[in-house]
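*Asks:* So I've got this file, model-v5.txt, and it contains compact mmCIF, C-alpha atoms and all ligand atoms:
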# COMPACT_ATOMS: atom_id res chain seq x y z
CA MET A 1476 -8.13 -22.35 18.68
CA LYS A 1477 -8.03 -18.59 18.44
CA GLU A 1478 -11.24 -16.61 18.24
CA HIS A 1479 -11.35 -14.31 15.26
CA LYS A 1480 -13.66 -11.76 13.86
CA SER A 1481 -14.55 -12.49 10.26
CA THR A 1482 -15.56 -10.81 7.05
CA PRO A 1483 -18.90 -11.90 5.60
CA LEU A 1484 -18.28 -12.20 1.85
CA PRO A 1485 -20.97 -13.08 -0.70
CA ASN A 1486 -20.46 -16.65 -1.85
CA GLY A 1487 -19.10 -16.47 -5.38
CA ARG A 1488 -20.76 -19.79 -6.23
CA LEU A 1489 -24.17 -18.32 -5.37
CA HIS A 1490 -23.73 -14.62 -6.12
CA PRO A 1491 -21.90 -13.91 -9.38
CA ARG A 1492 -18.78 -11.80 -9.07
CA PHE A 1493 -19.79 -9.71 -12.08
CA ALA A 1494 -23.02 -8.51 -10.46
CA GLY A 1495 -23.90 -6.19 -7.62
CA LEU A 1496 -22.61 -2.95 -6.12
CA LEU A 1497 -18.85 -2.58 -5.95
CA SER A 1498 -16.74 -2.70 -2.83
CA PHE A 1499 -13.05 -3.57 -2.50
CA LEU A 1500 -12.71 -7.39 -2.56
CA ARG A 1501 -16.51 -7.61 -2.04
CA VAL A 1502 -16.11 -6.82 1.66
CA PRO A 1503 -19.01 -5.09 3.50
CA ARG A 1504 -19.18 -1.33 3.58
CA LEU A 1505 -18.13 0.15 6.92
CA GLN A 1506 -21.69 1.23 7.74
CA ASP A 1507 -22.96 -2.33 7.08
CA LEU A 1508 -20.47 -4.02 9.39
CA LEU A 1509 -22.10 -6.47 11.76
CA ALA A 1510 -21.78 -5.54 15.44
CA GLU A 1511 -19.88 -8.70 16.37
CA ASN A 1512 -17.21 -7.83 13.83
CA SER A 1513 -16.81 -4.25 14.95
CA PRO A 1514 -14.54 -2.35 15.10
CA ALA A 1515 -13.10 -3.57 11.84
CA ASP A 1516 -9.63 -5.06 11.88
CA TRP A 1517 -8.86 -3.47 8.53
CA ALA A 1518 -10.56 -0.69 6.60
CA ILE A 1519 -9.78 -0.26 2.91
CA TYR A 1520 -10.51 3.22 1.58
CA GLY A 1521 -9.98 5.02 -1.69
CA ALA A 1522 -7.92 8.20 -1.92
CA PRO A 1523 -8.87 9.49 -5.38
CA PHE A 1524 -6.28 12.24 -5.63
CA ASP A 1525 -3.62 12.86 -8.28
CA GLY A 1526 -2.75 16.52 -7.67
CA GLY A 1527 0.68 15.44 -6.48
CA THR A 1528 1.63 13.92 -9.82
CA THR A 1529 4.81 15.18 -11.47
CA TYR A 1530 4.25 13.58 -14.86
CA ARG A 1531 1.11 11.95 -16.20
CA PRO A 1532 -2.12 12.53 -14.23
CA GLY A 1533 -5.11 10.19 -13.94
CA ALA A 1534 -4.49 8.15 -10.77
CA ARG A 1535 -7.54 9.81 -9.22
CA PHE A 1536 -9.51 7.14 -11.08
CA GLY A 1537 -7.43 4.36 -9.49
CA PRO A 1538 -9.77 3.45 -6.62
CA ARG A 1539 -12.73 2.89 -8.96
CA ALA A 1540 -10.70 0.71 -11.31
CA ILE A 1541 -9.23 -1.30 -8.44
CA ARG A 1542 -12.63 -1.84 -6.80
CA ASP A 1543 -13.86 -3.20 -10.12
CA ALA A 1544 -10.79 -5.39 -10.70
CA SER A 1545 -10.96 -6.74 -7.14
CA GLN A 1546 -14.26 -8.57 -7.66
CA TYR A 1547 -12.44 -11.65 -8.90
CA VAL A 1548 -9.92 -11.74 -6.03
CA LYS A 1549 -10.70 -14.55 -3.63
CA ALA A 1550 -10.07 -14.90 0.10
CA TYR A 1551 -8.15 -18.14 0.54
CA HIS A 1552 -4.45 -17.51 -0.06
CA LEU A 1553 -3.06 -20.77 -1.42
CA GLU A 1554 0.66 -20.02 -0.97
CA LEU A 1555 0.33 -18.68 2.58
CA ALA A 1556 -2.41 -21.22 3.42
CA VAL A 1557 -4.61 -18.63 5.10
CA ASP A 1558 -8.13 -17.30 4.58
CA TRP A 1559 -8.05 -13.60 5.42
CA ALA A 1560 -11.85 -13.29 5.46
CA LYS A 1561 -12.11 -15.99 8.13
CA SER A 1562 -9.28 -14.46 10.15
CA MET A 1563 -10.39 -10.85 10.57
CA SER A 1564 -13.04 -8.26 9.75
CA VAL A 1565 -12.35 -6.11 6.70
CA VAL A 1566 -14.52 -3.28 5.42
CA ASP A 1567 -14.65 -0.80 2.57
CA ALA A 1568 -14.68 2.67 4.13
CA GLY A 1569 -15.53 4.41 0.87
CA ASP A 1570 -13.51 7.19 -0.72
CA ALA A 1571 -11.89 9.93 1.29
CA PRO A 1572 -12.81 13.54 0.53
CA THR A 1573 -10.01 15.27 -1.35
CA ALA A 1574 -8.75 18.79 -2.07
CA PRO A 1575 -7.99 18.37 -5.79
CA PHE A 1576 -6.05 21.63 -6.23
CA SER A 1577 -3.73 21.46 -3.22
CA CYS A 1578 -1.49 18.58 -2.30
CA GLU A 1579 -0.73 19.93 1.17
CA ALA A 1580 -4.39 20.67 1.96
CA ASN A 1581 -5.28 17.26 0.59
CA ALA A 1582 -2.81 15.54 2.88
CA GLN A 1583 -4.44 17.30 5.81
CA MET A 1584 -7.95 16.45 4.66
CA LEU A 1585 -7.01 12.79 4.16
CA THR A 1586 -5.39 12.67 7.59
CA GLU A 1587 -8.51 13.99 9.27
CA TYR A 1588 -10.72 11.57 7.35
CA ALA A 1589 -8.50 8.56 8.08
CA ARG A 1590 -8.62 9.34 11.82
CA THR A 1591 -12.41 8.91 11.74
CA ILE A 1592 -12.39 5.43 10.16
CA GLY A 1593 -13.25 2.56 12.49
CA GLY A 1594 -11.63 2.41 15.93
CA VAL A 1595 -8.09 2.86 17.19
CA SER A 1596 -7.42 -0.84 16.52
CA THR A 1597 -8.58 -0.55 12.89
CA LYS A 1598 -5.68 -0.72 10.45
CA LEU A 1599 -5.92 1.40 7.34
CA LEU A 1600 -5.25 0.30 3.78
CA ALA A 1601 -5.28 3.33 1.49
CA VAL A 1602 -5.82 2.86 -2.24
CA GLY A 1603 -4.51 5.65 -4.45
CA GLY A 1604 -4.40 7.95 -6.01
CA ASP A 1605 -0.83 9.11 -6.40
CA HIS A 1606 1.85 8.31 -3.82
CA SER A 1607 1.37 11.62 -1.99
CA ILE A 1608 -1.69 10.11 -0.32
CA ALA A 1609 0.60 7.77 1.66
CA LEU A 1610 1.72 10.59 3.97
CA ALA A 1611 -1.72 10.92 5.57
CA ASN A 1612 -2.07 7.16 5.94
CA MET A 1613 1.37 6.89 7.55
CA ARG A 1614 0.47 9.66 9.99
CA VAL A 1615 -2.65 7.85 11.19
CA ALA A 1616 -0.93 4.44 11.20
CA PHE A 1617 1.74 5.98 13.44
CA GLU A 1618 -0.90 7.39 15.79
CA ARG A 1619 -2.83 4.13 15.97
CA ALA A 1620 0.36 2.17 16.61
CA GLY A 1621 0.84 4.26 19.75
CA ARG A 1622 3.42 6.71 18.35
CA PRO A 1623 6.38 4.34 18.62
CA GLN A 1624 9.61 6.04 19.62
CA GLY A 1625 11.73 6.59 16.50
CA GLY A 1626 8.82 5.99 14.12
CA LEU A 1627 7.45 3.13 12.06
CA ALA A 1628 9.63 0.77 10.07
CA VAL A 1629 8.80 0.88 6.35
CA LEU A 1630 8.77 -1.77 3.65
CA HIS A 1631 8.52 0.09 0.35
CA PHE A 1632 8.14 -1.26 -3.19
CA ASP A 1633 8.62 1.36 -5.88
CA ALA A 1634 10.59 2.20 -9.03
CA HIS A 1635 11.38 5.53 -7.37
CA LEU A 1636 12.79 6.62 -4.03
CA ASP A 1637 10.05 9.19 -3.28
CA THR A 1638 12.33 11.13 -0.96
CA VAL A 1639 12.73 14.30 -3.06
CA ASP A 1640 12.75 17.50 -1.03
CA ARG A 1641 10.96 19.77 -3.49
CA VAL A 1642 9.52 19.69 -7.00
CA TRP A 1643 8.70 23.00 -8.68
CA GLY A 1644 9.15 24.59 -5.26
CA GLU A 1645 6.47 22.37 -3.73
CA ALA A 1646 7.21 20.33 -0.61
CA TYR A 1647 4.19 18.05 -1.04
CA SER A 1648 3.93 15.80 -4.09
CA HIS A 1649 4.09 12.13 -5.01
CA ALA A 1650 7.89 12.44 -5.15
CA SER A 1651 8.19 13.41 -1.46
CA PRO A 1652 5.94 11.41 0.90
CA PHE A 1653 8.80 9.61 2.68
CA ARG A 1654 10.89 12.77 2.95
CA ARG A 1655 8.05 14.53 4.75
CA ALA A 1656 7.29 11.45 6.88
CA ILE A 1657 10.94 11.30 8.00
CA GLU A 1658 10.82 15.02 8.90
CA GLU A 1659 7.61 14.49 10.88
CA GLY A 1660 9.29 11.67 12.82
CA ILE A 1661 6.60 9.14 11.92
CA ILE A 1662 8.91 6.77 10.04
CA ALA A 1663 12.46 5.69 10.83
CA PRO A 1664 14.76 5.96 7.78
CA SER A 1665 17.26 3.55 9.33
CA LYS A 1666 14.40 1.02 9.49
CA MET A 1667 13.24 1.52 5.91
CA LEU A 1668 13.77 -0.96 3.09
CA SER A 1669 13.06 0.17 -0.49
CA ILE A 1670 12.88 -2.50 -3.18
CA GLY A 1671 12.68 -2.08 -6.94
CA THR A 1672 14.54 1.19 -7.35
CA ARG A 1673 15.89 1.71 -10.83
CA GLY A 1674 17.45 4.30 -13.03
CA PRO A 1675 17.73 6.60 -14.61
CA LEU A 1676 17.51 9.00 -11.69
CA THR A 1677 17.40 12.77 -11.95
CA MET A 1678 20.74 12.90 -10.15
CA ALA A 1679 23.08 10.70 -8.13
CA GLU A 1680 22.52 12.83 -5.02
CA ASP A 1681 18.94 11.53 -4.72
CA LEU A 1682 20.24 8.03 -4.02
CA ALA A 1683 23.13 9.28 -1.89
CA TRP A 1684 20.69 11.18 0.36
CA CYS A 1685 18.69 8.00 1.03
CA LYS A 1686 21.78 5.97 1.85
CA ALA A 1687 23.04 8.72 4.16
CA GLN A 1688 19.74 8.47 6.06
CA GLY A 1689 20.23 4.75 6.46
CA ILE A 1690 17.55 3.65 4.01
CA GLU A 1691 18.38 0.22 2.59
CA VAL A 1692 17.87 0.24 -1.17
CA VAL A 1693 17.60 -2.93 -3.26
CA SER A 1694 17.72 -2.19 -6.97
CA SER A 1695 15.20 -3.66 -9.33
CA GLN A 1696 18.01 -5.53 -11.08
CA ASP A 1697 19.10 -7.19 -7.83
CA ALA A 1698 15.51 -8.01 -6.83
CA ILE A 1699 14.89 -9.68 -10.18
CA ASN A 1700 18.16 -11.46 -10.87
CA SER A 1701 19.35 -12.51 -7.43
CA ILE A 1702 18.11 -13.38 -3.97
CA VAL A 1703 19.35 -10.05 -2.59
CA GLY A 1704 15.82 -8.66 -2.34
CA LEU A 1705 14.27 -11.76 -0.79
CA GLU A 1706 17.11 -11.95 1.72
CA ALA A 1707 16.72 -8.26 2.53
CA VAL A 1708 13.01 -8.77 3.25
CA ALA A 1709 13.74 -11.78 5.48
CA ARG A 1710 16.37 -9.78 7.38
CA PHE A 1711 13.95 -6.87 7.70
CA VAL A 1712 11.23 -9.09 9.20
CA THR A 1713 13.66 -10.50 11.77
CA ARG A 1714 15.27 -7.17 12.59
CA GLU A 1715 11.97 -5.28 12.97
CA ALA A 1716 10.10 -8.08 14.76
CA GLN A 1717 9.30 -5.77 17.67
CA ARG A 1718 8.52 -2.67 15.60
CA PRO A 1719 5.30 -1.78 13.78
CA VAL A 1720 5.78 -1.77 10.02
CA TYR A 1721 4.16 0.36 7.36
CA LEU A 1722 3.92 -1.29 3.91
CA SER A 1723 3.76 0.86 0.78
CA ILE A 1724 3.35 -0.54 -2.72
CA ASP A 1725 3.72 1.78 -5.69
CA ILE A 1726 2.45 -0.28 -8.61
CA ASP A 1727 5.22 1.19 -10.79
CA VAL A 1728 7.62 -1.20 -9.04
CA LEU A 1729 6.28 -3.58 -11.68
CA ASP A 1730 7.67 -3.47 -15.19
CA PRO A 1731 5.47 -1.49 -17.60
CA ALA A 1732 4.84 -4.82 -19.35
CA PHE A 1733 2.91 -5.87 -16.23
CA ALA A 1734 1.69 -2.45 -15.11
CA PRO A 1735 1.37 -0.07 -18.05
CA GLY A 1736 -1.36 1.90 -16.29
CA THR A 1737 0.77 4.14 -14.13
CA GLY A 1738 1.87 7.76 -14.26
CA THR A 1739 5.67 7.47 -14.19
CA PRO A 1740 6.50 4.10 -15.80
CA VAL A 1741 10.11 2.87 -15.85
CA PRO A 1742 11.21 -0.20 -17.85
CA GLY A 1743 13.26 -2.87 -16.08
CA GLY A 1744 10.81 -3.61 -13.27
CA LEU A 1745 9.63 -6.72 -11.47
CA THR A 1746 7.13 -9.18 -12.81
CA THR A 1747 3.90 -9.41 -10.84
CA ALA A 1748 4.95 -12.89 -9.66
CA ARG A 1749 8.31 -11.58 -8.44
CA LEU A 1750 6.61 -8.81 -6.45
CA PHE A 1751 4.33 -11.38 -4.82
CA GLU A 1752 7.37 -13.51 -3.89
CA HIS A 1753 8.87 -10.53 -2.10
CA LEU A 1754 5.61 -9.73 -0.33
CA ARG A 1755 5.17 -13.30 0.86
CA ALA A 1756 8.74 -13.26 2.17
CA ALA A 1757 7.48 -10.59 4.61
CA LYS A 1758 5.32 -13.15 6.42
CA GLY A 1759 5.60 -12.50 10.14
CA MET A 1760 6.05 -8.75 10.06
CA HIS A 1761 3.84 -6.64 12.30
CA CYS A 1762 2.08 -4.55 9.65
CA VAL A 1763 0.06 -1.61 11.05
CA GLY A 1764 -0.95 0.15 7.84
CA ALA A 1765 -0.45 0.02 4.10
CA ASP A 1766 -1.14 1.61 0.77
CA VAL A 1767 -1.31 0.59 -2.89
CA VAL A 1768 -0.90 3.54 -5.20
CA GLU A 1769 -0.30 4.98 -8.67
CA VAL A 1770 -2.74 3.01 -10.80
CA LEU A 1771 -3.71 5.12 -13.80
CA PRO A 1772 -6.65 3.39 -15.52
CA ASP A 1773 -6.58 5.50 -18.69
CA ARG A 1774 -3.15 4.06 -19.57
CA ASP A 1775 -3.99 0.55 -18.45
CA THR A 1776 -4.12 -2.33 -20.92
CA ALA A 1777 -6.84 -4.92 -20.40
CA GLY A 1778 -7.06 -3.82 -16.78
CA ILE A 1779 -3.87 -5.68 -15.82
CA THR A 1780 -2.46 -2.88 -13.65
CA ALA A 1781 -5.65 -2.50 -11.65
CA LEU A 1782 -5.86 -6.29 -11.32
CA ALA A 1783 -2.30 -6.48 -10.01
CA ALA A 1784 -3.12 -3.73 -7.49
CA ALA A 1785 -6.30 -5.54 -6.44
CA HIS A 1786 -4.28 -8.67 -5.75
CA CYS A 1787 -1.80 -6.62 -3.74
CA LEU A 1788 -4.68 -5.70 -1.40
CA ALA A 1789 -5.36 -9.38 -0.78
CA GLU A 1790 -1.65 -10.14 -0.34
CA ILE A 1791 -1.45 -7.50 2.37
CA LEU A 1792 -4.51 -8.83 4.19
CA ALA A 1793 -3.23 -12.41 3.94
CA LEU A 1794 0.10 -11.40 5.48
CA ASP A 1795 -1.69 -9.89 8.46
CA ALA A 1796 -4.00 -12.90 8.73
CA CYS A 1797 -0.90 -15.12 9.07
CA VAL A 1798 0.23 -13.07 12.07
CA ARG A 1799 -3.23 -13.15 13.68
CA ASN A 1800 -3.39 -16.93 13.24
CA ALA A 1801 0.13 -17.60 14.49
MN MN A 1901 6.06 6.17 -5.59
Go ahead and express the file in the form of structure tokens.

*Replies:*
Amino acid sequence: MKEHKSTPLPNGRLHPRFAGLLSFLRVPRLQDLLAENSPADWAIYGAPFDGGTTYRPGARFGPRAIRDASQYVKAYHLELAVDWAKSMSVVDAGDAPTAPFSCEANAQMLTEYARTIGGVSTKLLAVGGDHSIALANMRVAFERAGRPQGGLAVLHFDAHLDTVDRVWGEAYSHASPFRRAIEEGIIAPSKMLSIGTRGPLTMAEDLAWCKAQGIEVVSSQDAINSIVGLEAVARFVTREAQRPVYLSIDIDVLDPAFAPGTGTPVPGGLTTARLFEHLRAAKGMHCVGADVVEVLPDRDTAGITALAAAHCLAEILALDACVRNA
């Protein structure tokens, strides 16, 4: 029997989920963490920044909406048969300070903040915010993973490639986090799998650049209508068994029918159930950091986008709990 830290959650049968102060998934705040569960195994923090948005702004309100939506997300994962709260300590580390007018300065500010959260063994789950906030989280995940030679492997769910060099002359935006991370040597493009990509693209060269770098791209159509995506995830888990993995979920990988509240929606995306199937297929991977980004509450309908994102947080934690319990 393995000894685990745990996450003290309020009992939903005694303490109503619609009452009380908000934290992600009802986990304790970092400052309230009990000594025996410190340092935290995972820290979830908000990155309320949307200055890197190229189309419709508003994702700065994502963390608040996702905290709210996450109150009805429970800890026992039926499909993976694991209780993440009993398997590890998880905290809400609050919202990072941001630099709302500068994407580059914001990335630096987020990086410095993320470095202060928990201990070196604490894994970071960043909640956006636009996708530009992932760069800072990848930097610190890379550092905490011991700066693996060649960089982190990446499992990426997104309608877009997010490897654009520049937009309006700017090197830092939500279109470029993986391009910058590749340049910084913190992720390995030949160990990156992107799922859910769909057209139309700005130009064919965007896709060609990714393939030339060795990024494996599974189109949304293939992920939905075939087992190509599920097989690619299974291959990825086997191939990168010895390498730390960074997991990035842009909620716009979902079809706008399932995630209307996002800044750059593209029809033809996955259902929420299909995304979860792909995530669960990643059971066994050595995840060292993650993000869930691009929820735009002002465009959300009945809170379904924020709810999907909130469940993604629990899916990520459950995946890691499986590895800890193995
Ligand atoms: Mn994205």

*Asks:* Residues up to 6 Å from ligand MN 1901 (chain A), counting only C-alpha atoms and all ligand atoms: could you list those as a list in words?

*Replies:*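 These are the residues that qualify: His1606, Asp1633, His1635, Asp1637 and Asp1725 of chain A.
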
*Asks:* List the spatial neighbours of Met1613 in chain A as a PyMOL selection string - criterion: any atom at most 8 Å away, only C-alpha atoms, same-chain residues fewer than 2 positions off excluded.

*Replies:* chain A and resi 1609-1611+1615-1617+1656+1661-1662+1721+1764-1765

*Asks:* Determine, counting only C-alpha atoms, which protein, DNA and RNA residues have an atom within 8 Å of an atom of Val1770 in chain A; residues of the same chain fewer than 3 positions away are not included. Present the result as a list in words.

*Replies:* Ala1534, Phe1536, Gly1537, Gly1603, Gly1604, Asp1605, Ile1726, Gly1736, Thr1737, Gly1738, Thr1780, Ala1781 and Ala1784 of chain A

*Asks:* Phe1493 in chain A: which residues within 12 Å, counting all atoms listed in the file, same-chain residues fewer than 6 positions away excluded, as a short mmCIF file (atom, residue, chain, number, x, y, z; two decimals) with C-alpha atoms, in the frame of the given file?

*Replies:*
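part_31.cif written:
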data_model
loop_
_atom_site.label_atom_id
_atom_site.label_comp_id
_atom_site.auth_asym_id
_atom_site.auth_seq_id
_atom_site.Cartn_x
_atom_site.Cartn_y
_atom_site.Cartn_z
CA PRO A 1485 -20.97 -13.08 -0.70
CA GLY A 1487 -19.10 -16.47 -5.38
CA ARG A 1501 -16.51 -7.61 -2.04
CA ARG A 1542 -12.63 -1.84 -6.80
CA ASP A 1543 -13.86 -3.20 -10.12
CA ALA A 1544 -10.79 -5.39 -10.70
CA SER A 1545 -10.96 -6.74 -7.14
CA GLN A 1546 -14.26 -8.57 -7.66
CA TYR A 1547 -12.44 -11.65 -8.90
CA VAL A 1548 -9.92 -11.74 -6.03
#

*Asks:* Counting all atoms listed in the file, figure out which residue out of A:Leu1636, A:Gly1704, A:Pro1731, A:Glu1511 gets nearest to Trp1684 in chain A.

*Replies:*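 Smallest distance to Trp1684 in chain A is found for A:Leu1636.
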
*Asks:* What gap, in Å, lies between CA of Ser1564 in chain A and CA of Lys1480 in chain A?

*Replies:*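 Separation between CA of Ser1564 in chain A and CA of Lys1480 in chain A: 5.4 Å.
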
*Asks:* If I take CA of Gly1593 in chain A and CA of Ala1540 in chain A, how far is one from the other in Å, to one decimal?

*Replies:*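 Atom-to-atom, CA of Gly1593 in chain A to CA of Ala1540 in chain A, that is 24.0 Å.
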
*Asks:* Using all atoms listed in the file, find the one residue out of A:Leu1555, A:Ser1694, A:Ala1732, A:Asp1775 that sits nearest to Gly1759 in chain A.

*Replies:* A:Leu1555

*Asks:* So, counting only C-alpha atoms, which residue among A:Glu1618, A:Glu1715, A:Glu1579, A:Asp1697 is closest to Gly1526 in chain A?

*Replies:*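 Checking each candidate against Gly1526 in chain A, we get A:Glu1579 as the closest.
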
*Asks:* Rounded to one decimal in Å, what is the spacing between CA of His1761 in chain A and CA of Val1712 in chain A?

*Replies:*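 Separating CA of His1761 in chain A from CA of Val1712 in chain A is a distance of 8.4 Å.
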
*Asks:* Which residue gives the smallest distance to Gly1674 in chain A among A:Ala1709, A:Glu1658, A:Ser1596, A:Gly1743, with all atoms listed in the file counted?

*Replies:*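 Closest to Gly1674 in chain A of all the choices is A:Gly1743.
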
*Asks:* Choose the residue, out of A:Ser1577, A:Lys1666, A:Pro1742, A:Pro1623, that has the smallest atom-to-atom separation from Tyr1647 in chain A; count all atoms listed in the file.

*Replies:*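 Under the stated criterion, the closest residue is A:Ser1577.
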
*Asks:* Out of A:Phe1751, A:Arg1492, A:Glu1691, A:Gly1778, which residue has the shortest atom-to-atom distance to Ala1734 in chain A when counting all atoms listed in the file?

*Replies:* A:Gly1778

*Asks:* Skip Thr1746 in chain A itself and residues of its chain fewer than 5 positions away, then list as number ranges by chain all residues within 7 Å of it, counting all atoms listed in the file.

*Replies:* A: 1729-1730, 1733

*Asks:* Need to verify the contact set: Phe1524 in chain A, 12 Å, all atoms listed in the file, exclusion of same-chain residues closer than 4 positions in sequence. Can you return it as an mmCIF file with C-alpha atoms, in the coordinates of the input?

*Replies:*
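result31.cif written:
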data_model
loop_
_atom_site.group_PDB
_atom_site.id
_atom_site.type_symbol
_atom_site.label_atom_id
_atom_site.label_comp_id
_atom_site.auth_asym_id
_atom_site.auth_seq_id
_atom_site.Cartn_x
_atom_site.Cartn_y
_atom_site.Cartn_z
ATOM 1 C CA THR A 1528 1.630 13.920 -9.820
ATOM 2 C CA PRO A 1532 -2.120 12.530 -14.230
ATOM 3 C CA GLY A 1533 -5.110 10.190 -13.940
ATOM 4 C CA ALA A 1534 -4.490 8.150 -10.770
ATOM 5 C CA ARG A 1535 -7.540 9.810 -9.220
ATOM 6 C CA PHE A 1536 -9.510 7.140 -11.080
ATOM 7 C CA GLY A 1537 -7.430 4.360 -9.490
ATOM 8 C CA PRO A 1538 -9.770 3.450 -6.620
ATOM 9 C CA ARG A 1539 -12.730 2.890 -8.960
ATOM 10 C CA ASP A 1570 -13.510 7.190 -0.720
ATOM 11 C CA ALA A 1571 -11.890 9.930 1.290
ATOM 12 C CA PRO A 1572 -12.810 13.540 0.530
ATOM 13 C CA THR A 1573 -10.010 15.270 -1.350
ATOM 14 C CA ALA A 1574 -8.750 18.790 -2.070
ATOM 15 C CA PRO A 1575 -7.990 18.370 -5.790
ATOM 16 C CA PHE A 1576 -6.050 21.630 -6.230
ATOM 17 C CA SER A 1577 -3.730 21.460 -3.220
ATOM 18 C CA CYS A 1578 -1.490 18.580 -2.300
ATOM 19 C CA GLU A 1579 -0.730 19.930 1.170
ATOM 20 C CA ALA A 1580 -4.390 20.670 1.960
ATOM 21 C CA ASN A 1581 -5.280 17.260 0.590
ATOM 22 C CA ALA A 1582 -2.810 15.540 2.880
ATOM 23 C CA MET A 1584 -7.950 16.450 4.660
ATOM 24 C CA LEU A 1585 -7.010 12.790 4.160
ATOM 25 C CA ALA A 1601 -5.280 3.330 1.490
ATOM 26 C CA VAL A 1602 -5.820 2.860 -2.240
ATOM 27 C CA GLY A 1603 -4.510 5.650 -4.450
ATOM 28 C CA GLY A 1604 -4.400 7.950 -6.010
ATOM 29 C CA ASP A 1605 -0.830 9.110 -6.400
ATOM 30 C CA HIS A 1606 1.850 8.310 -3.820
ATOM 31 C CA SER A 1607 1.370 11.620 -1.990
ATOM 32 C CA ILE A 1608 -1.690 10.110 -0.320
ATOM 33 C CA ALA A 1609 0.600 7.770 1.660
ATOM 34 C CA SER A 1648 3.930 15.800 -4.090
ATOM 35 C CA HIS A 1649 4.090 12.130 -5.010
ATOM 36 C CA VAL A 1768 -0.900 3.540 -5.200
ATOM 37 C CA GLU A 1769 -0.300 4.980 -8.670
ATOM 38 C CA VAL A 1770 -2.740 3.010 -10.800
ATOM 39 C CA LEU A 1771 -3.710 5.120 -13.800
#
